[in-house]
>>> print(open('my_file02.txt').read())   # compact mmCIF, C-alpha atoms
# COMPACT_ATOMS: atom_id res chain seq x y z
CA MET A 27 -4.59 15.03 16.86
CA ILE A 28 -2.45 16.38 14.02
CA GLY A 29 -4.90 14.86 11.54
CA VAL A 30 -7.86 16.58 13.18
CA VAL A 31 -6.06 19.93 13.08
CA LEU A 32 -5.14 19.43 9.43
CA ALA A 33 -8.68 18.40 8.52
CA GLY A 34 -10.08 21.42 10.34
CA ALA A 35 -7.65 23.77 8.62
CA PHE A 36 -8.43 22.13 5.28
CA THR A 37 -12.18 22.55 5.83
CA VAL A 38 -11.81 26.24 6.67
CA GLY A 39 -9.44 26.70 3.74
CA ALA A 40 -11.85 24.90 1.39
CA TRP A 41 -14.72 27.15 2.49
CA LEU A 42 -12.64 30.29 1.87
CA TYR A 43 -11.42 28.85 -1.41
CA PHE A 44 -14.92 28.26 -2.78
CA ALA A 45 -16.27 31.47 -1.29
CA HIS A 46 -13.70 33.49 -3.21
CA SER A 47 -13.85 31.50 -6.44
CA GLU A 48 -15.46 33.03 -9.50
CA GLY A 49 -17.57 30.38 -11.17
CA LEU A 50 -15.17 27.63 -12.23
CA VAL A 51 -12.11 29.82 -11.65
CA ASP A 52 -10.29 29.61 -8.34
CA PRO A 53 -9.30 32.65 -6.22
CA SER A 54 -5.92 32.94 -7.98
CA GLY A 55 -7.74 33.76 -11.21
CA ARG A 56 -5.40 31.44 -13.10
CA HIS A 57 -6.63 27.93 -12.36
CA ALA A 58 -9.86 25.97 -12.40
CA VAL A 59 -11.49 24.96 -9.13
CA GLY A 60 -9.99 21.58 -8.33
CA ARG A 61 -6.91 22.43 -10.39
CA ASP A 62 -6.06 19.36 -12.48
CA PHE A 63 -9.58 17.98 -12.54
CA ILE A 64 -10.20 20.27 -15.51
CA ASN A 65 -8.21 17.71 -17.54
CA LEU A 66 -10.46 14.78 -16.58
CA TRP A 67 -13.72 16.67 -17.03
CA THR A 68 -12.69 18.23 -20.36
CA ALA A 69 -11.63 14.82 -21.67
CA GLY A 70 -14.97 13.36 -20.61
CA ARG A 71 -16.85 16.10 -22.44
CA LEU A 72 -14.77 15.62 -25.57
CA VAL A 73 -15.48 11.88 -25.59
CA LEU A 74 -19.21 12.53 -25.34
CA ASP A 75 -18.93 15.15 -28.09
CA GLY A 76 -17.28 12.61 -30.37
CA ARG A 77 -13.89 14.38 -30.33
CA PRO A 78 -11.66 12.09 -28.21
CA ALA A 79 -8.59 12.68 -30.41
CA LEU A 80 -8.50 16.29 -29.20
CA VAL A 81 -7.17 15.20 -25.80
CA PHE A 82 -3.81 14.45 -27.45
CA ASP A 83 -3.80 17.74 -29.37
CA VAL A 84 -1.91 19.96 -26.92
CA GLU A 85 -3.05 23.29 -28.36
CA GLY A 86 -6.59 22.14 -29.15
CA PHE A 87 -7.10 20.60 -25.71
CA HIS A 88 -5.83 23.77 -24.06
CA ALA A 89 -8.11 25.93 -26.22
CA VAL A 90 -11.17 23.95 -25.10
CA GLN A 91 -10.19 24.45 -21.44
CA GLU A 92 -9.68 28.19 -21.92
CA ALA A 93 -13.04 28.45 -23.65
CA THR A 94 -14.66 26.65 -20.72
CA LEU A 95 -13.09 29.00 -18.17
CA GLY A 96 -13.50 32.09 -20.33
CA ARG A 97 -9.96 33.36 -19.70
CA PRO A 98 -6.29 32.50 -20.25
CA PHE A 99 -5.27 29.39 -18.41
CA PRO A 100 -1.89 27.68 -17.70
CA LEU A 101 -1.11 24.81 -20.03
CA HIS A 102 -2.47 21.47 -18.81
CA LEU A 103 -1.54 18.25 -20.59
CA TRP A 104 -3.35 14.94 -20.92
CA SER A 105 -0.83 12.28 -19.90
CA TYR A 106 -2.99 9.15 -19.66
CA PRO A 107 -3.39 6.26 -22.12
CA PRO A 108 -6.50 6.18 -24.35
CA HIS A 109 -8.35 3.56 -22.32
CA PHE A 110 -8.60 5.97 -19.37
CA LEU A 111 -11.12 7.85 -21.51
CA PHE A 112 -13.66 5.12 -20.67
CA ALA A 113 -13.39 6.08 -16.99
CA VAL A 114 -13.66 9.85 -17.46
CA ALA A 115 -16.39 9.85 -20.10
CA PRO A 116 -19.22 9.61 -17.49
CA LEU A 117 -17.87 12.75 -15.81
CA GLY A 118 -18.88 14.70 -18.89
CA LEU A 119 -22.54 13.95 -18.16
CA PHE A 120 -22.45 16.34 -15.21
CA GLY A 121 -21.61 19.95 -14.60
CA TYR A 122 -18.02 20.63 -13.59
CA LEU A 123 -18.48 21.04 -9.83
CA VAL A 124 -20.88 18.10 -9.52
CA ALA A 125 -18.45 15.92 -11.46
CA LEU A 126 -15.59 17.04 -9.18
CA VAL A 127 -17.56 16.01 -6.09
CA ILE A 128 -18.47 12.63 -7.62
CA TRP A 129 -14.88 11.96 -8.68
CA SER A 130 -13.45 12.92 -5.30
CA ALA A 131 -15.98 10.87 -3.33
CA LEU A 132 -15.66 7.72 -5.44
CA THR A 133 -11.87 7.65 -5.74
CA LEU A 134 -11.29 8.45 -2.06
CA ALA A 135 -13.80 5.79 -1.00
CA LEU A 136 -12.00 3.20 -3.16
CA TYR A 137 -8.69 4.33 -1.74
CA ALA A 138 -9.89 4.02 1.85
CA TRP A 139 -11.24 0.53 1.15
CA ALA A 140 -8.06 -0.69 -0.54
CA ALA A 141 -5.55 0.93 1.80
CA GLY A 142 -7.30 0.66 5.15
CA GLY A 143 -9.80 -2.15 4.76
CA PRO A 144 -12.93 -2.28 6.93
CA ARG A 145 -11.16 -1.21 10.13
CA PRO A 146 -12.42 2.23 11.26
CA GLY A 147 -9.11 3.39 12.74
CA PRO A 148 -7.03 3.13 9.55
CA VAL A 149 -9.88 4.49 7.42
CA LEU A 150 -10.12 7.56 9.67
CA LEU A 151 -6.34 8.03 9.54
CA LEU A 152 -6.43 7.84 5.75
CA ALA A 153 -9.36 10.27 5.53
CA LEU A 154 -7.39 12.85 7.52
CA ALA A 155 -4.05 12.14 5.83
CA PRO A 156 -2.21 14.93 4.00
CA ALA A 157 -2.01 12.77 0.86
CA THR A 158 -5.81 12.56 0.87
CA LEU A 159 -6.16 16.31 1.32
CA VAL A 160 -3.70 16.97 -1.51
CA ASN A 161 -5.79 14.77 -3.81
CA LEU A 162 -8.94 16.62 -2.84
CA ALA A 163 -7.30 19.98 -3.45
CA THR A 164 -5.82 19.08 -6.83
CA GLY A 165 -8.55 16.85 -8.29
CA GLN A 166 -5.89 14.29 -9.12
CA THR A 167 -5.66 10.54 -9.74
CA GLY A 168 -3.31 9.54 -6.91
CA ALA A 169 -6.08 8.07 -4.79
CA LEU A 170 -7.35 5.98 -7.71
CA ALA A 171 -3.89 4.64 -8.57
CA ALA A 172 -3.27 3.66 -4.94
CA ALA A 173 -6.70 2.01 -4.76
CA LEU A 174 -5.94 -0.15 -7.81
CA LEU A 175 -2.50 -1.18 -6.58
CA PHE A 176 -3.46 -1.87 -2.97
CA GLY A 177 -6.82 -3.37 -3.88
CA GLY A 178 -5.17 -5.80 -6.29
CA LEU A 179 -2.55 -6.83 -3.73
CA ARG A 180 -5.18 -7.38 -1.03
CA LEU A 181 -7.31 -9.52 -3.35
CA LEU A 182 -4.33 -11.50 -4.64
CA PRO A 183 -4.52 -14.41 -2.14
CA SER A 184 -8.29 -14.94 -2.32
CA ARG A 185 -9.54 -13.54 -5.64
CA PRO A 186 -6.70 -13.66 -8.18
CA VAL A 187 -8.87 -12.91 -11.21
CA ALA A 188 -10.22 -9.73 -9.59
CA ALA A 189 -6.70 -8.82 -8.47
CA GLY A 190 -5.40 -9.17 -12.02
CA PHE A 191 -8.29 -7.08 -13.29
CA LEU A 192 -7.30 -4.23 -10.95
CA PHE A 193 -3.65 -4.56 -12.00
CA GLY A 194 -4.77 -4.27 -15.61
CA LEU A 195 -6.69 -1.10 -14.78
CA LEU A 196 -3.56 0.30 -13.11
CA THR A 197 -2.09 0.70 -16.60
CA ILE A 198 -3.76 4.13 -16.56
CA LYS A 199 -0.62 5.08 -14.58
CA PRO A 200 1.78 2.36 -15.76
CA GLN A 201 4.81 3.69 -13.87
CA TYR A 202 3.30 2.40 -10.63
CA GLY A 203 2.97 -1.17 -11.85
CA LEU A 204 6.62 -1.67 -12.79
CA LEU A 205 7.35 -3.94 -9.82
CA LEU A 206 4.11 -5.94 -9.96
CA PRO A 207 5.51 -8.63 -12.31
CA LEU A 208 8.17 -9.31 -9.67
CA VAL A 209 5.51 -9.77 -6.96
CA LEU A 210 3.40 -12.01 -9.18
CA LEU A 211 6.43 -14.10 -10.08
CA LEU A 212 7.56 -14.49 -6.47
CA GLU A 213 4.06 -15.45 -5.36
CA ARG A 214 3.51 -17.68 -8.41
CA ARG A 215 0.19 -16.04 -9.09
CA TRP A 216 -0.28 -17.28 -12.64
CA THR A 217 -4.06 -16.77 -12.65
CA ALA A 218 -3.70 -13.14 -11.55
CA THR A 219 -0.96 -12.62 -14.13
CA ALA A 220 -3.16 -14.01 -16.90
CA SER A 221 -6.04 -11.84 -15.73
CA ALA A 222 -3.85 -8.72 -15.72
CA VAL A 223 -2.52 -9.43 -19.20
CA ALA A 224 -5.99 -10.18 -20.55
CA THR A 225 -7.45 -7.04 -18.97
CA THR A 226 -4.68 -4.87 -20.40
CA ALA A 227 -5.02 -6.39 -23.86
CA ALA A 228 -8.80 -5.96 -23.78
CA LEU A 229 -8.51 -2.31 -22.72
CA VAL A 230 -5.96 -1.54 -25.42
CA GLY A 231 -7.97 -3.35 -28.11
CA LEU A 232 -11.32 -1.87 -27.08
CA SER A 233 -9.98 1.67 -26.86
CA ALA A 234 -8.33 1.32 -30.28
CA ALA A 235 -11.60 0.04 -31.74
CA VAL A 236 -13.78 2.73 -30.14
CA PHE A 237 -11.51 5.78 -30.30
CA GLY A 238 -9.27 4.82 -33.20
CA PRO A 239 -5.72 3.39 -33.22
CA GLN A 240 -4.33 6.86 -33.95
CA LEU A 241 -4.87 7.80 -30.30
CA TRP A 242 -2.45 5.08 -29.25
CA ASP A 243 0.04 6.32 -31.79
CA ALA A 244 -0.32 9.85 -30.41
CA TYR A 245 -0.02 8.63 -26.82
CA LEU A 246 3.09 6.54 -27.44
CA ARG A 247 4.81 9.32 -29.37
CA GLN A 248 3.64 12.48 -27.65
CA ASN A 249 3.13 11.41 -24.04
CA PHE A 250 6.57 9.93 -23.59
CA GLU A 251 8.19 12.92 -25.27
CA VAL A 252 6.29 15.34 -23.01
CA THR A 253 7.18 13.28 -19.93
CA ARG A 254 10.86 13.17 -20.89
CA SER A 255 10.82 16.90 -21.57
CA PHE A 256 9.32 17.61 -18.15
CA LEU A 257 11.84 15.37 -16.41
CA GLU A 258 14.88 16.75 -18.17
CA VAL A 259 14.14 20.45 -18.73
CA GLY A 260 10.94 21.16 -16.81
CA THR A 261 10.87 23.97 -14.27
CA GLY A 262 8.37 25.48 -11.87
CA PRO A 263 6.18 24.07 -9.11
CA LEU A 264 6.00 20.53 -10.49
CA MET A 265 9.70 20.13 -9.69
CA VAL A 266 9.30 20.83 -5.96
CA MET A 267 6.19 18.61 -5.84
CA ALA A 268 8.19 15.57 -6.96
CA PRO A 269 9.40 13.01 -4.38
CA SER A 270 11.60 11.20 -6.91
CA PRO A 271 15.39 10.83 -6.56
CA PHE A 272 15.75 11.95 -10.18
CA MET A 273 14.06 15.28 -9.56
CA ALA A 274 15.96 15.75 -6.31
CA MET A 275 19.20 15.45 -8.25
CA ARG A 276 17.96 18.00 -10.77
CA LEU A 277 17.10 20.39 -7.95
CA TYR A 278 20.66 19.93 -6.68
CA GLY A 279 21.87 21.03 -10.12
CA ALA A 280 23.29 17.63 -11.10
CA GLU A 281 23.90 16.56 -14.69
CA LEU A 282 21.17 14.44 -16.29
CA TRP A 283 23.38 11.35 -16.45
CA ALA A 284 23.95 11.59 -12.69
CA ALA A 285 20.22 12.04 -12.02
CA TYR A 286 19.39 8.99 -14.12
CA ALA A 287 22.14 6.98 -12.46
CA VAL A 288 20.91 7.78 -8.95
CA GLN A 289 17.32 7.02 -9.96
CA GLY A 290 18.44 3.70 -11.43
CA VAL A 291 20.27 2.71 -8.26
CA ILE A 292 17.25 3.59 -6.10
CA ALA A 293 14.95 1.63 -8.42
CA VAL A 294 17.19 -1.43 -8.09
CA LEU A 295 17.22 -1.07 -4.30
CA ALA A 296 13.42 -0.79 -4.31
CA ALA A 297 13.15 -3.97 -6.37
CA ILE A 298 15.52 -5.79 -4.01
CA GLY A 299 13.42 -4.64 -1.06
CA VAL A 300 10.26 -5.96 -2.69
CA PHE A 301 11.99 -9.27 -3.41
CA LEU A 302 13.12 -9.62 0.22
CA ALA A 303 9.71 -8.65 1.61
CA TRP A 304 7.68 -11.10 -0.47
CA ARG A 305 10.16 -13.93 0.14
CA SER A 306 9.91 -13.44 3.88
CA ARG A 307 7.30 -14.20 6.53
CA ALA A 308 6.66 -10.52 7.15
CA ALA A 309 3.09 -9.44 7.88
CA PHE A 310 0.97 -9.12 4.76
CA ASP A 311 0.21 -5.43 5.38
CA ALA A 312 3.95 -4.75 5.58
CA LYS A 313 4.49 -6.47 2.23
CA VAL A 314 1.69 -4.44 0.65
CA GLY A 315 3.00 -1.24 2.20
CA LEU A 316 6.57 -1.88 1.07
CA THR A 317 5.33 -2.55 -2.47
CA GLY A 318 3.50 0.76 -2.60
CA LEU A 319 6.50 2.61 -1.24
CA ALA A 320 8.82 0.85 -3.71
CA ALA A 321 6.50 1.77 -6.59
CA LEU A 322 6.88 5.43 -5.68
CA LEU A 323 10.66 5.23 -5.26
CA ALA A 324 11.24 3.31 -8.49
CA THR A 325 9.83 5.90 -10.89
CA PRO A 326 11.33 9.30 -11.72
CA TYR A 327 7.88 10.63 -12.63
CA ALA A 328 5.84 11.17 -9.46
CA HIS A 329 4.28 14.03 -7.49
CA ASN A 330 3.08 14.63 -3.96
CA TYR A 331 -0.50 13.66 -4.85
CA ASP A 332 0.87 10.19 -5.73
CA MET A 333 2.11 9.76 -2.16
CA THR A 334 -1.13 7.96 -1.36
CA LEU A 335 1.09 4.98 -2.25
CA VAL A 336 2.89 5.44 1.09
CA SER A 337 -0.23 5.11 3.24
CA VAL A 338 -0.24 1.35 3.88
CA ALA A 339 3.44 1.47 4.80
CA VAL A 340 2.70 4.18 7.39
CA LEU A 341 -0.18 2.15 8.81
CA ALA A 342 2.01 -0.97 8.98
CA GLY A 343 4.78 0.98 10.68
CA TYR A 344 2.35 2.40 13.21
CA ALA A 345 1.08 -1.11 13.96
CA PHE A 346 4.65 -2.27 14.64
CA CYS A 347 5.22 0.63 17.01
CA ARG A 348 2.07 -0.20 18.97
CA ALA A 349 2.67 -3.94 19.08
CA GLY A 350 6.40 -4.07 19.61
CA GLY A 351 7.16 -1.01 21.66
CA ASP A 352 7.88 2.47 20.43
CA ARG A 353 11.60 2.78 19.85
CA ARG A 354 13.26 6.18 19.94
CA GLY A 355 12.41 8.34 16.95
CA GLU A 356 10.14 5.84 15.23
CA ARG A 357 6.90 7.74 15.67
CA ALA A 358 8.68 10.94 14.65
CA LEU A 359 9.73 9.21 11.43
CA LEU A 360 6.17 8.01 10.81
CA ALA A 361 4.80 11.51 11.44
CA LEU A 362 7.33 13.01 9.02
CA VAL A 363 6.46 10.54 6.27
CA TRP A 364 2.73 11.03 6.90
CA LEU A 365 3.12 14.83 6.64
CA LEU A 366 5.49 14.73 3.68
CA PRO A 367 2.84 15.22 0.93
CA ILE A 368 2.19 18.75 2.20
CA ALA A 369 5.64 19.41 3.66
CA ILE A 370 7.56 18.51 0.52
CA VAL A 371 6.68 21.66 -1.42
CA PRO A 372 7.83 24.23 1.18
CA LEU A 373 10.86 22.10 2.09
CA HIS A 374 12.01 21.72 -1.50
CA THR A 375 11.20 25.35 -2.31
CA VAL A 376 13.64 26.61 0.33
CA GLY A 377 16.33 24.17 -0.77
CA LEU A 378 15.76 21.35 1.74
CA VAL A 379 15.40 18.65 -0.90
CA VAL A 380 14.87 15.73 1.44
CA GLY A 381 11.67 14.07 0.20
CA PRO A 382 13.08 11.00 -1.59
CA TRP A 383 15.72 10.39 1.06
CA VAL A 384 13.11 10.43 3.83
CA LEU A 385 11.10 7.89 1.83
CA LEU A 386 14.18 5.76 1.19
CA GLY A 387 15.11 5.81 4.87
CA PHE A 388 11.55 4.87 5.79
CA PHE A 389 11.67 2.02 3.25
CA GLY A 390 14.81 0.65 4.88
CA TRP A 391 13.39 1.06 8.37
CA LEU A 392 10.20 -0.83 7.47
CA LEU A 393 12.20 -3.63 5.86
CA VAL A 394 14.08 -4.10 9.12
CA ARG A 395 11.09 -3.55 11.43
CA SER A 396 8.88 -5.99 9.52
CA GLY A 397 11.49 -8.72 9.64
CA SER A 398 11.81 -8.81 5.87
CA LEU A 399 15.60 -9.01 6.11
CA THR A 400 15.73 -11.91 8.56
CA ALA A 401 12.41 -13.79 8.45
CA ARG A 402 12.11 -17.17 6.75
CA THR A 403 10.52 -17.65 3.35
CA GLY A 404 6.73 -17.73 3.45
CA THR A 405 3.68 -15.60 3.90
CA THR A 406 1.91 -14.34 6.98
CA VAL A 407 -1.52 -12.89 6.30
>>> encode(input="my_file02.txt", output="structure tokens")
Amino acid sequence: MIGVVLAGAFTVGAWLYFAHSEGLVDPSGRHAVGRDFINLWTAGRLVLDGRPALVFDVEGFHAVQEATLGRPFPLHLWSYPPHFLFAVAPLGLFGYLVALVIWSALTLALYAWAAGGPRPGPVLLLALAPATLVNLATGQTGALAAALLFGGLRLLPSRPVAAGFLFGLLTIKPQYGLLLPLVLLLERRWTATASAVATTAALVGLSAAVFGPQLWDAYLRQNFEVTRSFLEVGTGPLMVMAPSPFMAMRLYGAELWAAYAVQGVIAVLAAIGVFLAWRSRAAFDAKVGLTGLAALLATPYAHNYDMTLVSVAVLAGYAFCRAGGDRRGERALLALVWLLPIAIVPLHTVGLVVGPWVLLGFFGWLLVRSGSLTARTGTTV
């Protein structure tokens, strides 16, 4: 019921949003329609124009976006590795709004397939989920990253080469693949590992050959410096959009060393949880869900549109509630986690910085509920 209300409100809001937009400029007069999609589309156009290096030129990239919109525009940065340019180049073949529709439809369809599978109930729940709506509103890559992670994990038992291929593609957002080597090692998936390594090497080599090795040099120098700068001194709305323990500590006013220490402890706990889950006989969906949740908890650099990574964990938790009896407060916890992608901004804005701790509590609850802490070694699919 909540999902239907949210979807209805989103539909009405989207109609008003487009009705009051001026060309490619949204009603605020400061952003492009689809917000961050301007990055993907501009990069695609630059690739087709033979100017791919401009995506790593902060001022030049921004100037192209302002010229497209015809007015001053807040600074948007390209934070993806060079091989992601292969994926966005086709978007430049279309006008901006058409490309936005194509991108949204394709990435959300892949996300629904990977996270929910063919079952209509989970797919409907994902379609109405706040994380999905946030991705639609921001034109972001969270749905694609979740599709690659969950799709690879689902294919791991039956199609290891395809699974490894998807894991290799996930290097477009490498912070969400940090725990995958642990899963592959625990499951002894050597074929998938080889496929992932080969895919990554091929993407790096091909992008260096096509776009020039200087783009990799720019990415490795500039991107990590920009990311570190955002994490350590960044201000504004991106801070309250972040569900990471690191950013929570910064919002509390903690010193950087304390923020890094807390993030490190949470990352270790996430890795331990993944280890326990995959060494247990917990349900396969619970293992996949816990891995997605751990991927989000382990990185300091995340935003609410990346909370698509929580979806399988919510679905697994809901299945446990239905099958094993609804214990007090469990559905309330699931509802809170499900709503968190849209609730996190107002909560953090007013000083209720609870996002990462809700996710951490949910992670612990699902470990217990799935039997990951007590079940014997093995796999239940």
>>> residues_around(input="my_file02.txt", residues="range 344-346 of chain A", least_positions_apart="5", cutoff="10 Å", atoms="only C-alpha atoms", output="compact mmCIF listing (two decimals) with C-alpha atoms, keeping the file's coordinate frame")
# COMPACT_ATOMS: atom_id res chain seq x y z
CA ALA A 309 3.09 -9.44 7.88
CA ASP A 311 0.21 -5.43 5.38
CA ALA A 312 3.95 -4.75 5.58
CA VAL A 338 -0.24 1.35 3.88
CA ALA A 339 3.44 1.47 4.80
CA GLY A 351 7.16 -1.01 21.66
CA ASP A 352 7.88 2.47 20.43
CA GLU A 356 10.14 5.84 15.23
CA ARG A 357 6.90 7.74 15.67
CA LEU A 360 6.17 8.01 10.81
CA ALA A 361 4.80 11.51 11.44
CA LEU A 392 10.20 -0.83 7.47
CA ARG A 395 11.09 -3.55 11.43
CA SER A 396 8.88 -5.99 9.52
>>> closest_residue(input="my_file02.txt", among="A:Leu302, A:His374, A:Gly318, A:Gly290", to="Leu277 in chain A", atoms="all atoms listed in the file")
A:His374
>>> atom_distance(input="my_file02.txt", atom1="CA of Leu232 in chain A", atom2="CA of Arg71 in chain A")
19.4 Å
>>> residues_near_point(input="my_file02.txt", point="(-5.6, -1.7, -4.3)", cutoff="9 Å", atoms="only C-alpha atoms", output="PDB file with C-alpha atoms, in the coordinates of the input")
ATOM      1  CA  LEU A 136     -12.000   3.200  -3.160  1.00  0.00           C
ATOM      2  CA  TYR A 137      -8.690   4.330  -1.740  1.00  0.00           C
ATOM      3  CA  TRP A 139     -11.240   0.530   1.150  1.00  0.00           C
ATOM      4  CA  ALA A 140      -8.060  -0.690  -0.540  1.00  0.00           C
ATOM      5  CA  ALA A 141      -5.550   0.930   1.800  1.00  0.00           C
ATOM      6  CA  LEU A 170      -7.350   5.980  -7.710  1.00  0.00           C
ATOM      7  CA  ALA A 171      -3.890   4.640  -8.570  1.00  0.00           C
ATOM      8  CA  ALA A 172      -3.270   3.660  -4.940  1.00  0.00           C
ATOM      9  CA  ALA A 173      -6.700   2.010  -4.760  1.00  0.00           C
ATOM     10  CA  LEU A 174      -5.940  -0.150  -7.810  1.00  0.00           C
ATOM     11  CA  LEU A 175      -2.500  -1.180  -6.580  1.00  0.00           C
ATOM     12  CA  PHE A 176      -3.460  -1.870  -2.970  1.00  0.00           C
ATOM     13  CA  GLY A 177      -6.820  -3.370  -3.880  1.00  0.00           C
ATOM     14  CA  GLY A 178      -5.170  -5.800  -6.290  1.00  0.00           C
ATOM     15  CA  LEU A 179      -2.550  -6.830  -3.730  1.00  0.00           C
ATOM     16  CA  ARG A 180      -5.180  -7.380  -1.030  1.00  0.00           C
ATOM     17  CA  LEU A 181      -7.310  -9.520  -3.350  1.00  0.00           C
ATOM     18  CA  ALA A 189      -6.700  -8.820  -8.470  1.00  0.00           C
ATOM     19  CA  LEU A 192      -7.300  -4.230 -10.950  1.00  0.00           C
ATOM     20  CA  PHE A 193      -3.650  -4.560 -12.000  1.00  0.00           C
TER      21      PHE A 193
END
>>> closest_atom_pairs(input="my_file02.txt", of="range 180-295 of chain A", to="range 78-89 of chain A", cutoff="7 Å", atoms="only C-alpha atoms", output="tab-separated table")
residue	atom	partner	partner_atom	distance
A:Phe237	CA	A:Pro78	CA	6.6
A:Leu241	CA	A:Ala79	CA	6.1
A:Ala244	CA	A:Phe82	CA	6.5
A:Tyr245	CA	A:Phe82	CA	7.0
>>> closest_residue(input="my_file02.txt", among="A:Ala131, A:Val252, A:Ala188, A:Ala155", to="Tyr106 in chain A", atoms="only C-alpha atoms")
A:Val252
>>> closest_residue(input="my_file02.txt", among="A:Ser54, A:Phe63, A:Trp364, A:Pro108", to="Gly231 in chain A", atoms="only C-alpha atoms")
A:Pro108
>>> residues_around(input="my_file02.txt", residues="Ala297 in chain A", least_positions_apart="3", cutoff="12 Å", atoms="all atoms listed in the file", output="list in words")
Gly203, Leu204, Leu205, Leu206, Pro207, Leu208, Val209, Leu212, Gly290, Val291, Ile292, Ala293, Val294, Val300, Phe301, Leu302, Ala303, Trp304, Leu316, Thr317, Gly318, Leu319, Ala320, Ala321, Leu322, Leu323, Ala324, Thr325 and Phe389 of chain A
>>> decode(input="my_file02.txt", residues="range 255-260 of chain A", atoms="all heavy atoms", output="mmCIF file, in the first residue's frame")
data_model
loop_
_atom_site.group_PDB
_atom_site.id
_atom_site.type_symbol
_atom_site.label_atom_id
_atom_site.label_comp_id
_atom_site.auth_asym_id
_atom_site.auth_seq_id
_atom_site.Cartn_x
_atom_site.Cartn_y
_atom_site.Cartn_z
ATOM 1 N N SER A 255 38.626 14.550 -1.558
ATOM 2 C CA SER A 255 38.250 15.914 -1.199
ATOM 3 C C SER A 255 36.792 15.999 -0.776
ATOM 4 O O SER A 255 36.443 16.655 0.217
ATOM 5 C CB SER A 255 38.518 16.855 -2.380
ATOM 6 O OG SER A 255 38.100 18.172 -2.080
ATOM 7 N N PHE A 256 35.918 15.304 -1.531
ATOM 8 C CA PHE A 256 34.500 15.305 -1.156
ATOM 9 C C PHE A 256 34.294 14.679 0.212
ATOM 10 O O PHE A 256 33.576 15.201 1.058
ATOM 11 C CB PHE A 256 33.674 14.543 -2.193
ATOM 12 C CG PHE A 256 32.337 14.100 -1.668
ATOM 13 C CD1 PHE A 256 31.318 15.015 -1.444
ATOM 14 C CD2 PHE A 256 32.103 12.763 -1.359
ATOM 15 C CE1 PHE A 256 30.099 14.610 -0.931
ATOM 16 C CE2 PHE A 256 30.892 12.360 -0.848
ATOM 17 C CZ PHE A 256 29.886 13.285 -0.634
ATOM 18 N N LEU A 257 34.951 13.538 0.441
ATOM 19 C CA LEU A 257 34.774 12.837 1.703
ATOM 20 C C LEU A 257 35.253 13.676 2.887
ATOM 21 O O LEU A 257 34.602 13.733 3.934
ATOM 22 C CB LEU A 257 35.536 11.515 1.686
ATOM 23 C CG LEU A 257 34.949 10.391 0.824
ATOM 24 C CD1 LEU A 257 35.902 9.204 0.785
ATOM 25 C CD2 LEU A 257 33.597 9.944 1.351
ATOM 26 N N GLU A 258 36.378 14.344 2.726
ATOM 27 C CA GLU A 258 37.016 14.977 3.867
ATOM 28 C C GLU A 258 36.606 16.430 4.086
ATOM 29 O O GLU A 258 36.588 16.894 5.238
ATOM 30 C CB GLU A 258 38.532 14.884 3.716
ATOM 31 C CG GLU A 258 39.037 13.438 3.731
ATOM 32 C CD GLU A 258 40.548 13.336 3.691
ATOM 33 O OE1 GLU A 258 41.213 14.395 3.558
ATOM 34 O OE2 GLU A 258 41.076 12.215 3.777
ATOM 35 N N VAL A 259 36.280 17.150 3.019
ATOM 36 C CA VAL A 259 35.938 18.574 3.193
ATOM 37 C C VAL A 259 34.644 18.955 2.486
ATOM 38 O O VAL A 259 34.228 20.112 2.553
ATOM 39 C CB VAL A 259 37.085 19.494 2.707
ATOM 40 C CG1 VAL A 259 38.350 19.217 3.480
ATOM 41 C CG2 VAL A 259 37.328 19.328 1.203
ATOM 42 N N GLY A 260 34.012 18.015 1.805
ATOM 43 C CA GLY A 260 32.792 18.328 1.074
ATOM 44 C C GLY A 260 31.656 18.767 1.987
ATOM 45 O O GLY A 260 31.554 18.342 3.137
#
